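To start, the structure itself, in structure tokens.
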Amino acid sequence: MKLYNSLTHEKEEFIPHEPGKVKMYTCGPTVYHFAHIGNLRSYIMEDVLEKYLRYAGCDVTRAMNITDVGHLTSDADTGEDKMLKGAKREKKTVMEIARFYTDAFFADCAKLNVKRPDIVVPATDCIADFIKMIEDLLEKDYAYISGGNVYFDTSKLEKYYVFNNFEAEDLEVGVREGVEEDTSKRNKTDFVLWFTKSKFDDQELKWDSPWGVGYPGWHIECSAISVNHLGEYLDIHCGGIDNAFPHHTNEIAQSEAYLGHPWCNYWFHILHLNTSSGKMSKSKGEFLTVSLLEEKGYDPIVYRFFCLQSHYRKSLVFSWEGLDNAVTAYDKLIARIAALNPEDKSTADGEAADALRATFREAMDNDLNTSLGVTALYDVLKASIPDGAKLALLAEFDAVLSLNLLTAAERVREENAAPKADGALTEKIESMIAERAAAKKAKDYARADAIRAELTAMGVTLKDTPTGTEYTIG
């Protein structure tokens, strides 16, 4: 398998530190609000990577942090603490916010068939581990105390800008929005490991430390959690491209200073999901969440399908038209699978099946080319092999792509086999559906709900979709 390594800027053969075993780390969410679908694109692609590595025979252990403390909007202790912002918005404690949005994040992941990592660790469970790592960095003279805070000293490194060929002036204070000069730093690239002096007087979560009461910097949590749960050598670190600098850059700096040797060989970065107006965010425009997709009648799995049709290293532009196109393509794919004979018990053996597997693996081995991986599904459908063999291969590939192919096809078969209404009943049902649509448009939701209840009593089940309301009887 070859993956593009952000650290070397090259596509490289993926060779884990220990043959057959992969230690994988994913930067988790800051749980102050719902994840938007741009955030979730990264988790979808990381999920495909993990599942493909398992499909290829690797023993994968994947860890992820939950950022429930300390994620500021800049490294200079400026802007608003995201967790505190969420608590103020909803008039709850920081930990109440963290628990609610952690649960919401994993509920969204489940709807998208994103597997929960083997190890999930909230930052607030690891304060002693952060302190231990910071103490070690101070002893090794990679850190210093200034103005009440503990800083990592980037001047001790041979190379700091590991992901990009930045010149020092490219990242001067003030270049990035919201970053102000921290006069306690020795060097402008130094970053905080532990805060005791914060500009936030009402910081809710604080702990005792050798340097006073305070809280950890953002970057230290991923290093400590990864080392403690995955060991001194990490095979692959994942995250959105916006984490490459400064977060992942600082992770490498402090981890390798602490360990005394190279830490992670491969870095897997997913590019942004954009809207027509630019990068998606929680602070501007329509807040695009999984729940909003469902409210508009979209199955979340269609959004996963939408993401898999593009390469993870290309920015993907989201539009409702694009998602509607994905709905059409997905429905056609499922209809073709539903047309296969589920009673055919043929197995996917022989040269033809092996050739189709090779096509799928060739796509996924080539820097996780999910678009061609999806194309391999159509190759199976077109192949001159029995229906049972096709279904077996589709199930095999869907263990990686996780598009609910066989269950969705079975649902279509059941719907097609359901009793059909006679002409008079059909006319009545469609008239009531039209009346319900008019009531919803007029915001008469009580009437719309009453019509749905009447139809349910008649044995009619409604399904609202982007193209209209569908129904089944019985």
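Letters A, B, ... go to the chains of the structure tokens in the order shown; residues in each chain start at 1; ligands are counted from 1 in the same order.
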8 Å contact set for Tyr101 in chain A, only C-alpha atoms, chain neighbours under 2 positions out, as a PyMOL selection string: chain A and resi 31-34+97-99+103-105
Nearest-residue call for Leu234 in chain A, choices A:Tyr55, A:Phe306, A:Tyr151, A:Tyr25, using only C-alpha atoms: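 Of A:Tyr55, A:Phe306, A:Tyr151, A:Tyr25, the one nearest Leu234 in chain A is A:Tyr25, counting only C-alpha atoms.
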Compile the contact shell of range 182-193 of chain A as a short mmCIF file (atom, residue, chain, number, x, y, z; two decimals) with N, CA and C atoms, in the first residue's frame: residues with an atom at most 7 Å away, counting only C-alpha atoms, same-chain residues fewer than 5 positions apart removed.
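selection.cif written:
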data_model
loop_
_atom_site.label_atom_id
_atom_site.label_comp_id
_atom_site.auth_asym_id
_atom_site.auth_seq_id
_atom_site.Cartn_x
_atom_site.Cartn_y
_atom_site.Cartn_z
N ASP A 75 -2.50 30.12 19.84
CA ASP A 75 -1.48 29.60 20.74
C ASP A 75 -0.97 30.66 21.70
N ALA A 76 -1.42 31.89 21.55
CA ALA A 76 -0.94 32.98 22.40
C ALA A 76 -1.92 33.26 23.54
N ILE A 134 5.62 17.25 30.77
CA ILE A 134 6.15 18.62 30.84
C ILE A 134 7.35 18.68 31.79
N SER A 146 8.10 31.06 32.10
CA SER A 146 8.17 32.51 31.88
C SER A 146 6.77 33.09 32.07
N GLY A 147 6.70 34.17 32.85
CA GLY A 147 5.41 34.83 33.05
C GLY A 147 4.38 33.94 33.69
N ASN A 149 3.84 30.79 32.98
CA ASN A 149 3.48 29.68 32.10
C ASN A 149 4.70 28.85 31.75
N VAL A 150 4.47 27.62 31.31
CA VAL A 150 5.56 26.76 30.84
C VAL A 150 5.50 26.70 29.32
N TYR A 151 6.63 26.99 28.66
CA TYR A 151 6.69 27.03 27.21
C TYR A 151 7.66 25.98 26.67
N PHE A 152 7.36 25.47 25.48
CA PHE A 152 8.33 24.64 24.75
C PHE A 152 9.27 25.57 23.99
N ASP A 153 10.56 25.28 24.05
CA ASP A 153 11.59 26.13 23.43
C ASP A 153 11.94 25.57 22.05
N THR A 154 11.35 26.15 21.01
CA THR A 154 11.59 25.64 19.65
C THR A 154 13.00 25.92 19.14
N VAL A 173 4.04 36.55 14.06
CA VAL A 173 2.86 36.85 14.86
C VAL A 173 1.98 37.84 14.14
N PRO A 216 -3.62 22.53 31.02
CA PRO A 216 -2.65 22.22 29.97
C PRO A 216 -2.90 23.01 28.69
N GLY A 217 -1.84 23.19 27.91
CA GLY A 217 -1.98 23.69 26.55
C GLY A 217 -2.62 22.61 25.69
N ILE A 220 -0.16 19.40 24.07
CA ILE A 220 0.45 18.36 24.89
C ILE A 220 -0.45 17.13 25.02
#
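If you measure from each of A:Ala257, A:Leu356, A:Ile44, A:Ile334 to Ala143 in chain A using only C-alpha atoms, the closest one turns out to be A:Ala257.
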Looking at A:Ala363, A:Ala434, A:Ile451, A:Ala335, which one is nearest to Leu405 in chain A, with distances taken over only C-alpha atoms? A:Ala335
